[in-house]
There are 2 protein chains.
Amino acid sequence: MNDPRYDVIAIGNAIVDVMAPCDDELIEELQLNRGGMTLVDPPRARELYDAMGPAREISGGSAANTLAGLAALGAQCAFIGQVADDQFGRVFAHDIHSVGIDFDTPARAGEPSTAQCLIFVTPDGQRTMNTFLGASQFLPADAIDEEAIGGASVLYLEGYLWDPEEPRAAMRRAIETARGAGRKVAFTLSEVFVIERHGDDFRALIAEGLIDVLFANHLELAALTGLADFEDGIAALRDKVPTLVVTRSAEGAVAVSAGARAEVAAEPIARVVDTTGAGDLFAAGFLFGHVRGEPLERCLRRGAICAAEIISHYGARPEADLQALMAAKLG
Amino acid sequence: MNDPRYDVIAIGNAIVDVMAPCDDELIEELQLNRGGMTLVDPPRARELYDAMGPAREISGGSAANTLAGLAALGAQCAFIGQVADDQFGRVFAHDIHSVGIDFDTPARAGEPSTAQCLIFVTPDGQRTMNTFLGASQFLPADAIDEEAIGGASVLYLEGYLWDPEEPRAAMRRAIETARGAGRKVAFTLSEVFVIERHGDDFRALIAEGLIDVLFANHLELAALTGLADFEDGIAALRDKVPTLVVTRSAEGAVAVSAGARAEVAAEPIARVVDTTGAGDLFAAGFLFGHVRGEPLERCLRRGAICAAEIISHYGARPEADLQALMAAKLG
């Protein structure tokens, strides 16, 4: 096995976030799934956009956000995902290229447009996401660059993308490729509704030993295991995946690997501005340490530091110098 | 003359700002006009975008920013400007509609795209703008809604848009319309290069008594009058326009009207994040007071408060509740 060319290669939705602050009344009026992610069709997307205040557009997408964090930390990364041949597609590609991430999935001509996520941010910093998947759901299996996947230490997959059929097939092929090349597979469960729809698939992947690092939050852990109690959930999964990482918002995170367990508190910050990307950036920090073989505690701390940076401003892509931040916080 | 339907109707470039922080070295490397606005063609725009870090997209355009400030303060406003029928055009239209501004100039089909301004923001908060005018420069004279202009207390025009030929013709027609309806005309000189190219036009408009409120910064004042000394410049213009407003960055602003003179210091702020839109929002605050017949000092204070808000964050559209800010600062 050659030395890996990439630390992490990820497959995910290629999304531009359209974000605006809003008050709690608007969330109720529009009957939004507060704090969650909801898939919307074009008419509903238009209705929500019309109701939204002045917005800003910032590249997003869960796995892409994680890679942006990894790249900011100094990792070598590549991304596979589907944009349309439109302005938002060029925005997404620019933003990912500009941080040094390889991304060469060809843009898809015609309709639908590049995926957009309409994000309403309430005064408590909570984000409520409404995603129009657009071109993203048409990622074809032949977009899987087997050479690149074989040359990456970790293949990182987002559960969100398990929902549409074509990308699911693409990801299954990518898992095979990574496994065939002796690489690790990391997976984030993304959101409870994905587990409700595809939990059997995920449990099968885990049972087959195809997932080396599993990321979940406490709600997703409960949904996947069917166990409401946090510790019961951990106990049910800890021996089934080599590395299990579970975040629980303000209460920090827990990781279990090779029988060892570590915990980290949430990194204190002055004010939660926008929680968009908190989980994505936690994964970035954790994976950065993980691919370097760092102790579990240190991986968790890196995750907590990255998550704290991202929720202190609008948008799910890092703004601070993460390497300097790590140096200051970890020495 | 009926009661005006609008406080201010503006004609300006319809631009989406593409903004990213950068270091001073990049400004030099790309040979940018630091602190200024430069028009760029598509190849140069592509070159600059490729060199830019991860960006965010926020609606901009000088006069449109001013209207966004006025609307946030509670004024009734309308905008005339040309977008293309593309995603950035829809972003621009959404953002201006979402703050209650009337805007119904039809989008222009085909190439070029909606105008974009690539803004590099250095660590000192200074913005360096590179504008691809795109569809904006094709605003046709028949886009001028004479009824709307006749129904607005003030017609506000940006000098930037005097440069391309079609919008210049449109603005001349708008001035005639406003004058014919007994309304006021306010004009911002926008940028020194515009004065270098069209100073004769501007001096003629002033000489003909067609400009009631003139906005300039100290550099534009010098360029228009040919007088390097600030006070000489003021003296040369003060009797030629009914209301003259001159900003001078951190040194505050001066206004002269009907023989009276007032000054205001810059509003103190914790940190200058991004100066994009400072002049635009100063104009918003001033005009808000002006259309209400407030004393000159109070108009200037409103301008300074709005400018301070806009430079404390990225982007040239207000984020804070400007009405609450005014109430807190002015009582």
# chains A, B, ... in the order shown; residues from 1 in each chain; ligands from 1
>>> calpha_fit_and_write(fixed="chain B", moving="chain A", output="mmCIF file with C-alpha atoms, in the first residue's frame")
data_model
loop_
_atom_site.group_PDB
_atom_site.id
_atom_site.type_symbol
_atom_site.label_atom_id
_atom_site.label_comp_id
_atom_site.auth_asym_id
_atom_site.auth_seq_id
_atom_site.Cartn_x
_atom_site.Cartn_y
_atom_site.Cartn_z
ATOM 1 C CA MET A 1 -48.595 67.698 -5.834
ATOM 2 C CA ASN A 2 -49.827 64.552 -4.114
ATOM 3 C CA ASP A 3 -48.297 63.260 -0.939
ATOM 4 C CA PRO A 4 -45.285 61.230 -1.959
ATOM 5 C CA ARG A 5 -45.719 57.471 -2.092
ATOM 6 C CA TYR A 6 -42.011 56.945 -1.522
ATOM 7 C CA ASP A 7 -39.487 58.739 0.610
ATOM 8 C CA VAL A 8 -36.688 57.794 -1.740
ATOM 9 C CA ILE A 9 -36.512 56.108 -5.132
ATOM 10 C CA ALA A 10 -33.034 55.156 -6.272
ATOM 11 C CA ILE A 11 -31.421 54.143 -9.519
ATOM 12 C CA GLY A 12 -28.244 52.147 -9.171
ATOM 13 C CA ASN A 13 -26.162 49.150 -10.026
ATOM 14 C CA ALA A 14 -27.770 45.846 -9.055
ATOM 15 C CA ILE A 15 -24.790 43.954 -7.712
ATOM 16 C CA VAL A 16 -24.089 40.879 -5.640
ATOM 17 C CA ASP A 17 -20.934 41.299 -3.565
ATOM 18 C CA VAL A 18 -18.561 38.341 -3.395
ATOM 19 C CA MET A 19 -16.428 39.046 -0.351
ATOM 20 C CA ALA A 20 -13.460 37.405 1.265
ATOM 21 C CA PRO A 21 -10.835 38.414 3.787
ATOM 22 C CA CYS A 22 -7.316 38.563 2.412
ATOM 23 C CA ASP A 23 -3.839 39.603 3.506
ATOM 24 C CA ASP A 24 -1.999 42.664 2.230
ATOM 25 C CA GLU A 25 0.376 40.534 0.172
ATOM 26 C CA LEU A 26 -2.456 39.300 -2.036
ATOM 27 C CA ILE A 27 -3.522 42.891 -2.796
ATOM 28 C CA GLU A 28 -0.005 43.595 -4.045
ATOM 29 C CA GLU A 29 0.389 40.316 -5.869
ATOM 30 C CA LEU A 30 -2.841 40.885 -7.804
ATOM 31 C CA GLN A 31 -1.949 44.558 -8.310
ATOM 32 C CA LEU A 32 -5.285 45.708 -6.949
ATOM 33 C CA ASN A 33 -6.291 49.315 -6.431
ATOM 34 C CA ARG A 34 -6.230 49.138 -2.634
ATOM 35 C CA GLY A 35 -9.283 50.783 -1.066
ATOM 36 C CA GLY A 36 -10.783 51.712 -4.422
ATOM 37 C CA MET A 37 -13.258 50.396 -6.945
ATOM 38 C CA THR A 38 -12.013 49.093 -10.274
ATOM 39 C CA LEU A 39 -14.116 47.917 -13.187
ATOM 40 C CA VAL A 40 -13.010 44.512 -14.446
ATOM 41 C CA ASP A 41 -13.831 42.467 -17.536
ATOM 42 C CA PRO A 42 -14.808 38.787 -17.339
ATOM 43 C CA PRO A 43 -11.265 37.345 -17.763
ATOM 44 C CA ARG A 44 -9.895 39.585 -15.022
ATOM 45 C CA ALA A 45 -12.922 38.831 -12.825
ATOM 46 C CA ARG A 46 -12.212 35.131 -13.255
ATOM 47 C CA GLU A 47 -8.526 35.604 -12.445
ATOM 48 C CA LEU A 48 -9.351 37.538 -9.279
ATOM 49 C CA TYR A 49 -12.040 35.080 -8.192
ATOM 50 C CA ASP A 50 -9.635 32.182 -8.659
ATOM 51 C CA ALA A 51 -7.143 33.938 -6.413
ATOM 52 C CA MET A 52 -9.722 34.773 -3.758
ATOM 53 C CA GLY A 53 -10.200 32.724 -0.605
ATOM 54 C CA PRO A 54 -13.503 31.179 0.451
ATOM 55 C CA ALA A 55 -16.120 33.885 -0.003
ATOM 56 C CA ARG A 56 -19.597 34.848 1.026
ATOM 57 C CA GLU A 57 -22.172 36.399 -1.267
ATOM 58 C CA ILE A 58 -24.211 39.336 0.025
ATOM 59 C CA SER A 59 -26.321 41.716 -2.036
ATOM 60 C CA GLY A 60 -24.643 45.044 -2.651
ATOM 61 C CA GLY A 61 -24.689 47.969 -5.058
ATOM 62 C CA SER A 62 -24.124 51.452 -3.696
ATOM 63 C CA ALA A 63 -27.586 52.999 -4.066
ATOM 64 C CA ALA A 64 -29.261 49.679 -3.241
ATOM 65 C CA ASN A 65 -27.277 49.552 0.007
ATOM 66 C CA THR A 66 -28.440 53.068 0.802
ATOM 67 C CA LEU A 67 -32.052 52.056 0.230
ATOM 68 C CA ALA A 68 -31.632 48.966 2.412
ATOM 69 C CA GLY A 69 -30.498 51.300 5.184
ATOM 70 C CA LEU A 70 -33.383 53.683 4.582
ATOM 71 C CA ALA A 71 -35.881 50.805 4.599
ATOM 72 C CA ALA A 72 -34.387 49.470 7.827
ATOM 73 C CA LEU A 73 -34.905 52.920 9.346
ATOM 74 C CA GLY A 74 -38.556 52.820 8.312
ATOM 75 C CA ALA A 75 -38.564 54.757 5.033
ATOM 76 C CA GLN A 76 -40.693 53.814 2.021
ATOM 77 C CA CYS A 77 -38.390 53.084 -0.903
ATOM 78 C CA ALA A 78 -38.244 51.860 -4.472
ATOM 79 C CA PHE A 79 -35.289 50.713 -6.559
ATOM 80 C CA ILE A 80 -34.625 50.715 -10.283
ATOM 81 C CA GLY A 81 -31.717 48.635 -11.568
ATOM 82 C CA GLN A 82 -30.861 45.861 -13.978
ATOM 83 C CA VAL A 83 -30.242 42.244 -13.002
ATOM 84 C CA ALA A 84 -29.897 39.285 -15.339
ATOM 85 C CA ASP A 85 -32.275 36.340 -15.264
ATOM 86 C CA ASP A 86 -29.910 34.190 -13.183
ATOM 87 C CA GLN A 87 -29.318 32.997 -9.624
ATOM 88 C CA PHE A 88 -27.453 36.120 -8.534
ATOM 89 C CA GLY A 89 -30.236 38.227 -10.025
ATOM 90 C CA ARG A 90 -32.754 36.329 -7.925
ATOM 91 C CA VAL A 91 -30.559 36.758 -4.854
ATOM 92 C CA PHE A 92 -30.422 40.521 -5.436
ATOM 93 C CA ALA A 93 -34.178 40.782 -5.997
ATOM 94 C CA HIS A 94 -34.958 38.648 -2.960
ATOM 95 C CA ASP A 95 -32.756 40.652 -0.653
ATOM 96 C CA ILE A 96 -34.190 43.980 -1.749
ATOM 97 C CA HIS A 97 -37.793 42.777 -1.655
ATOM 98 C CA SER A 98 -37.302 41.152 1.719
ATOM 99 C CA VAL A 99 -36.718 44.514 3.383
ATOM 100 C CA GLY A 100 -39.863 45.965 1.841
ATOM 101 C CA ILE A 101 -38.347 47.880 -1.064
ATOM 102 C CA ASP A 102 -40.358 47.986 -4.286
ATOM 103 C CA PHE A 103 -38.269 46.685 -7.185
ATOM 104 C CA ASP A 104 -39.808 45.569 -10.443
ATOM 105 C CA THR A 105 -37.282 46.275 -13.191
ATOM 106 C CA PRO A 106 -37.629 43.108 -15.304
ATOM 107 C CA ALA A 107 -34.608 40.788 -15.285
ATOM 108 C CA ARG A 108 -32.625 40.805 -18.523
ATOM 109 C CA ALA A 109 -32.416 37.486 -20.397
ATOM 110 C CA GLY A 110 -29.159 36.003 -21.634
ATOM 111 C CA GLU A 111 -25.606 37.155 -21.111
ATOM 112 C CA PRO A 112 -24.021 38.942 -19.393
ATOM 113 C CA SER A 113 -24.778 37.752 -15.896
ATOM 114 C CA THR A 114 -25.905 39.856 -12.966
ATOM 115 C CA ALA A 115 -23.199 42.266 -11.815
ATOM 116 C CA GLN A 116 -20.728 41.005 -9.253
ATOM 117 C CA CYS A 117 -18.288 42.881 -7.101
ATOM 118 C CA LEU A 118 -15.275 40.907 -5.925
ATOM 119 C CA ILE A 119 -14.310 42.473 -2.625
ATOM 120 C CA PHE A 120 -11.019 41.757 -0.894
ATOM 121 C CA VAL A 121 -11.083 42.812 2.752
ATOM 122 C CA THR A 122 -7.687 43.368 4.369
ATOM 123 C CA PRO A 123 -7.058 42.908 8.103
ATOM 124 C CA ASP A 124 -7.516 46.670 8.678
ATOM 125 C CA GLY A 125 -11.110 46.350 7.436
ATOM 126 C CA GLN A 126 -10.385 48.213 4.199
ATOM 127 C CA ARG A 127 -12.255 46.926 1.161
ATOM 128 C CA THR A 128 -10.819 46.725 -2.340
ATOM 129 C CA MET A 129 -13.582 46.340 -4.901
ATOM 130 C CA ASN A 130 -13.405 44.863 -8.394
ATOM 131 C CA THR A 131 -16.676 45.138 -10.231
ATOM 132 C CA PHE A 132 -17.871 43.181 -13.218
ATOM 133 C CA LEU A 133 -20.867 45.292 -14.259
ATOM 134 C CA GLY A 134 -22.586 42.582 -16.290
ATOM 135 C CA ALA A 135 -26.306 43.181 -16.847
ATOM 136 C CA SER A 136 -26.248 46.291 -14.660
ATOM 137 C CA GLN A 137 -24.784 48.480 -17.399
ATOM 138 C CA PHE A 138 -27.703 47.696 -19.708
ATOM 139 C CA LEU A 139 -30.419 49.414 -17.688
ATOM 140 C CA PRO A 140 -32.600 50.839 -20.475
ATOM 141 C CA ALA A 141 -34.190 54.269 -20.362
ATOM 142 C CA ASP A 142 -37.608 52.626 -20.595
ATOM 143 C CA ALA A 143 -37.023 50.980 -17.210
ATOM 144 C CA ILE A 144 -37.565 54.419 -15.702
ATOM 145 C CA ASP A 145 -40.907 54.303 -13.957
ATOM 146 C CA GLU A 146 -41.989 57.934 -14.286
ATOM 147 C CA GLU A 147 -45.013 57.545 -12.061
ATOM 148 C CA ALA A 148 -42.922 56.093 -9.261
ATOM 149 C CA ILE A 149 -40.265 58.799 -9.632
ATOM 150 C CA GLY A 150 -42.914 61.498 -9.631
ATOM 151 C CA GLY A 151 -44.256 59.977 -6.422
ATOM 152 C CA ALA A 152 -41.007 59.991 -4.460
ATOM 153 C CA SER A 153 -39.762 62.847 -2.272
ATOM 154 C CA VAL A 154 -36.197 62.216 -3.377
ATOM 155 C CA LEU A 155 -34.665 60.642 -6.466
ATOM 156 C CA TYR A 156 -31.281 59.210 -5.464
ATOM 157 C CA LEU A 157 -28.647 58.459 -8.076
ATOM 158 C CA GLU A 158 -25.220 56.842 -7.833
ATOM 159 C CA GLY A 159 -22.343 58.221 -9.854
ATOM 160 C CA TYR A 160 -21.052 54.713 -10.564
ATOM 161 C CA LEU A 161 -23.980 54.195 -12.900
ATOM 162 C CA TRP A 162 -23.164 57.362 -14.833
ATOM 163 C CA ASP A 163 -20.316 55.522 -16.487
ATOM 164 C CA PRO A 164 -22.177 53.125 -18.820
ATOM 165 C CA GLU A 165 -24.135 54.831 -21.585
ATOM 166 C CA GLU A 166 -27.619 53.329 -21.358
ATOM 167 C CA PRO A 167 -28.105 53.916 -17.617
ATOM 168 C CA ARG A 168 -26.725 57.453 -17.991
ATOM 169 C CA ALA A 169 -29.506 58.209 -20.462
ATOM 170 C CA ALA A 170 -31.976 56.560 -18.091
ATOM 171 C CA MET A 171 -30.783 58.739 -15.216
ATOM 172 C CA ARG A 172 -30.975 61.930 -17.259
ATOM 173 C CA ARG A 173 -34.564 61.077 -18.038
ATOM 174 C CA ALA A 174 -35.236 60.302 -14.374
ATOM 175 C CA ILE A 175 -33.824 63.683 -13.315
ATOM 176 C CA GLU A 176 -36.157 65.434 -15.763
ATOM 177 C CA THR A 177 -39.082 63.434 -14.466
ATOM 178 C CA ALA A 178 -38.316 64.185 -10.828
ATOM 179 C CA ARG A 179 -37.808 67.862 -11.578
ATOM 180 C CA GLY A 180 -41.022 68.007 -13.593
ATOM 181 C CA ALA A 181 -42.862 66.584 -10.599
ATOM 182 C CA GLY A 182 -41.277 69.072 -8.219
ATOM 183 C CA ARG A 183 -39.202 66.462 -6.423
ATOM 184 C CA LYS A 184 -35.638 66.627 -5.115
ATOM 185 C CA VAL A 185 -32.621 64.979 -6.706
ATOM 186 C CA ALA A 186 -29.813 63.564 -4.561
ATOM 187 C CA PHE A 187 -26.576 62.387 -6.122
ATOM 188 C CA THR A 188 -23.533 60.553 -4.809
ATOM 189 C CA LEU A 189 -20.261 61.006 -6.678
ATOM 190 C CA SER A 190 -19.297 57.396 -5.828
ATOM 191 C CA GLU A 191 -15.621 57.273 -6.752
ATOM 192 C CA VAL A 192 -12.794 59.450 -8.070
ATOM 193 C CA PHE A 193 -12.454 57.588 -11.377
ATOM 194 C CA VAL A 194 -16.086 58.391 -12.199
ATOM 195 C CA ILE A 195 -15.369 62.089 -11.690
ATOM 196 C CA GLU A 196 -12.265 61.842 -13.844
ATOM 197 C CA ARG A 197 -14.434 60.495 -16.643
ATOM 198 C CA HIS A 198 -17.654 62.432 -16.119
ATOM 199 C CA GLY A 199 -16.750 65.428 -13.986
ATOM 200 C CA ASP A 200 -17.891 67.825 -16.700
ATOM 201 C CA ASP A 201 -21.342 66.225 -16.681
ATOM 202 C CA PHE A 202 -21.552 66.475 -12.915
ATOM 203 C CA ARG A 203 -20.399 70.082 -12.823
ATOM 204 C CA ALA A 204 -22.984 70.882 -15.501
ATOM 205 C CA LEU A 205 -25.778 69.195 -13.527
ATOM 206 C CA ILE A 206 -24.754 71.224 -10.492
ATOM 207 C CA ALA A 207 -24.520 74.457 -12.480
ATOM 208 C CA GLU A 208 -28.002 73.864 -13.889
ATOM 209 C CA GLY A 209 -29.296 73.523 -10.346
ATOM 210 C CA LEU A 210 -30.453 69.952 -10.921
ATOM 211 C CA ILE A 211 -28.850 68.489 -7.798
ATOM 212 C CA ASP A 212 -30.408 69.278 -4.434
ATOM 213 C CA VAL A 213 -28.329 67.017 -2.234
ATOM 214 C CA LEU A 214 -24.767 66.103 -3.182
ATOM 215 C CA PHE A 215 -22.846 63.349 -1.393
ATOM 216 C CA ALA A 216 -19.080 63.098 -1.735
ATOM 217 C CA ASN A 217 -16.099 61.947 0.257
ATOM 218 C CA HIS A 218 -13.081 64.178 0.668
ATOM 219 C CA LEU A 219 -11.254 62.644 -2.291
ATOM 220 C CA GLU A 220 -14.238 63.060 -4.581
ATOM 221 C CA LEU A 221 -14.694 66.642 -3.389
ATOM 222 C CA ALA A 222 -11.101 67.381 -4.389
ATOM 223 C CA ALA A 223 -11.523 65.653 -7.749
ATOM 224 C CA LEU A 224 -14.725 67.516 -8.560
ATOM 225 C CA THR A 225 -13.492 70.964 -7.526
ATOM 226 C CA GLY A 226 -9.855 70.555 -8.483
ATOM 227 C CA LEU A 227 -8.987 71.876 -5.017
ATOM 228 C CA ALA A 228 -6.798 69.715 -2.809
ATOM 229 C CA ASP A 229 -7.634 71.589 0.398
ATOM 230 C CA PHE A 230 -10.787 70.284 2.082
ATOM 231 C CA GLU A 231 -12.087 73.696 3.164
ATOM 232 C CA ASP A 232 -11.387 75.189 -0.239
ATOM 233 C CA GLY A 233 -13.422 72.390 -1.792
ATOM 234 C CA ILE A 234 -16.333 72.988 0.568
ATOM 235 C CA ALA A 235 -16.192 76.716 -0.115
ATOM 236 C CA ALA A 236 -16.233 76.138 -3.867
ATOM 237 C CA LEU A 237 -19.374 74.007 -3.762
ATOM 238 C CA ARG A 238 -21.378 75.239 -0.794
ATOM 239 C CA ASP A 239 -23.302 77.858 -2.698
ATOM 240 C CA LYS A 240 -23.881 75.679 -5.754
ATOM 241 C CA VAL A 241 -25.908 72.862 -4.180
ATOM 242 C CA PRO A 242 -28.680 73.384 -1.633
ATOM 243 C CA THR A 243 -27.297 70.589 0.563
ATOM 244 C CA LEU A 244 -23.696 69.375 0.436
ATOM 245 C CA VAL A 245 -22.592 66.362 2.487
ATOM 246 C CA VAL A 246 -18.928 65.399 2.590
ATOM 247 C CA THR A 247 -17.643 62.396 4.502
ATOM 248 C CA ARG A 248 -14.034 61.898 5.449
ATOM 249 C CA SER A 249 -13.675 58.374 6.778
ATOM 250 C CA ALA A 250 -12.547 58.247 10.397
ATOM 251 C CA GLU A 251 -12.648 62.052 10.638
ATOM 252 C CA GLY A 252 -16.418 62.202 10.413
ATOM 253 C CA ALA A 253 -18.431 64.346 8.052
ATOM 254 C CA VAL A 254 -19.462 67.901 7.217
ATOM 255 C CA ALA A 255 -22.748 69.169 5.811
ATOM 256 C CA VAL A 256 -23.592 72.614 4.516
ATOM 257 C CA SER A 257 -27.155 73.648 3.749
ATOM 258 C CA ALA A 258 -28.769 77.063 3.314
ATOM 259 C CA GLY A 259 -25.627 78.736 4.603
ATOM 260 C CA ALA A 260 -25.540 76.659 7.783
ATOM 261 C CA ARG A 261 -22.739 74.217 8.471
ATOM 262 C CA ALA A 262 -22.687 71.189 10.743
ATOM 263 C CA GLU A 263 -20.086 68.569 11.523
ATOM 264 C CA VAL A 264 -20.140 65.148 13.095
ATOM 265 C CA ALA A 265 -17.379 62.920 14.401
ATOM 266 C CA ALA A 266 -17.214 59.304 13.338
ATOM 267 C CA GLU A 267 -19.228 57.072 15.660
ATOM 268 C CA PRO A 268 -16.804 55.060 17.804
ATOM 269 C CA ILE A 269 -16.897 51.289 17.275
ATOM 270 C CA ALA A 270 -15.035 48.378 18.819
ATOM 271 C CA ARG A 271 -13.447 47.109 15.609
ATOM 272 C CA VAL A 272 -13.608 47.964 11.915
ATOM 273 C CA VAL A 273 -14.357 44.617 10.269
ATOM 274 C CA ASP A 274 -15.212 45.686 6.721
ATOM 275 C CA THR A 275 -15.653 49.225 5.439
ATOM 276 C CA THR A 276 -17.777 48.121 2.458
ATOM 277 C CA GLY A 277 -20.885 50.292 2.352
ATOM 278 C CA ALA A 278 -19.769 52.913 4.878
ATOM 279 C CA GLY A 279 -20.530 55.808 2.524
ATOM 280 C CA ASP A 280 -23.736 54.177 1.312
ATOM 281 C CA LEU A 281 -25.077 53.803 4.816
ATOM 282 C CA PHE A 282 -23.969 57.287 5.806
ATOM 283 C CA ALA A 283 -26.123 58.530 2.942
ATOM 284 C CA ALA A 284 -29.005 56.368 4.178
ATOM 285 C CA GLY A 285 -28.951 57.873 7.639
ATOM 286 C CA PHE A 286 -28.551 61.412 6.355
ATOM 287 C CA LEU A 287 -31.354 61.105 3.801
ATOM 288 C CA PHE A 288 -33.690 59.570 6.354
ATOM 289 C CA GLY A 289 -33.390 62.677 8.480
ATOM 290 C CA HIS A 290 -33.354 64.977 5.470
ATOM 291 C CA VAL A 291 -36.696 63.821 4.051
ATOM 292 C CA ARG A 292 -38.171 64.399 7.511
ATOM 293 C CA GLY A 293 -36.841 67.938 7.618
ATOM 294 C CA GLU A 294 -34.625 67.290 10.607
ATOM 295 C CA PRO A 295 -31.809 69.662 11.579
ATOM 296 C CA LEU A 296 -28.519 69.161 9.770
ATOM 297 C CA GLU A 297 -26.697 67.930 12.888
ATOM 298 C CA ARG A 298 -29.262 65.220 13.449
ATOM 299 C CA CYS A 299 -29.101 64.091 9.827
ATOM 300 C CA LEU A 300 -25.333 63.793 10.134
ATOM 301 C CA ARG A 301 -25.566 61.867 13.383
ATOM 302 C CA ARG A 302 -27.965 59.417 11.759
ATOM 303 C CA GLY A 303 -25.457 58.981 8.958
ATOM 304 C CA ALA A 304 -22.582 58.362 11.341
ATOM 305 C CA ILE A 305 -24.588 55.808 13.353
ATOM 306 C CA CYS A 306 -25.573 53.861 10.226
ATOM 307 C CA ALA A 307 -22.010 53.927 8.880
ATOM 308 C CA ALA A 308 -20.659 52.617 12.190
ATOM 309 C CA GLU A 309 -23.105 49.717 12.120
ATOM 310 C CA ILE A 310 -22.144 48.675 8.615
ATOM 311 C CA ILE A 311 -18.382 48.670 9.150
ATOM 312 C CA SER A 312 -18.670 46.515 12.262
ATOM 313 C CA HIS A 313 -19.533 43.421 10.179
ATOM 314 C CA TYR A 314 -19.031 41.901 6.727
ATOM 315 C CA GLY A 315 -21.294 43.178 4.003
ATOM 316 C CA ALA A 316 -22.927 46.459 3.073
ATOM 317 C CA ARG A 317 -26.463 45.676 4.174
ATOM 318 C CA PRO A 318 -27.494 46.450 7.763
ATOM 319 C CA GLU A 319 -27.633 43.572 10.246
ATOM 320 C CA ALA A 320 -28.546 45.356 13.463
ATOM 321 C CA ASP A 321 -31.993 46.813 14.120
ATOM 322 C CA LEU A 322 -31.273 50.359 12.903
ATOM 323 C CA GLN A 323 -34.464 51.791 14.373
ATOM 324 C CA ALA A 324 -33.556 50.465 17.806
ATOM 325 C CA LEU A 325 -30.019 51.745 17.340
ATOM 326 C CA MET A 326 -31.307 55.233 16.486
ATOM 327 C CA ALA A 327 -33.641 55.205 19.466
ATOM 328 C CA ALA A 328 -30.778 54.228 21.758
ATOM 329 C CA LYS A 329 -28.318 56.754 20.350
ATOM 330 C CA LEU A 330 -30.555 59.716 19.553
ATOM 331 C CA GLY A 331 -33.406 59.213 21.993
#
>>> select_by_dssp(residues="region 122-310 of chain A", states="strand (DSSP E or B)", output="PyMOL selection string")
chain A and resi 127-132+152-158+184-188+213-217+243-247+253-257+260-264
>>> select_by_dssp(residues="region 151-306 of chain B", states="helix (DSSP H, G or I)", output="PyMOL selection string")
chain B and resi 159-162+165-180+192-207+218-225+230-237+249-251+278-291+296-306
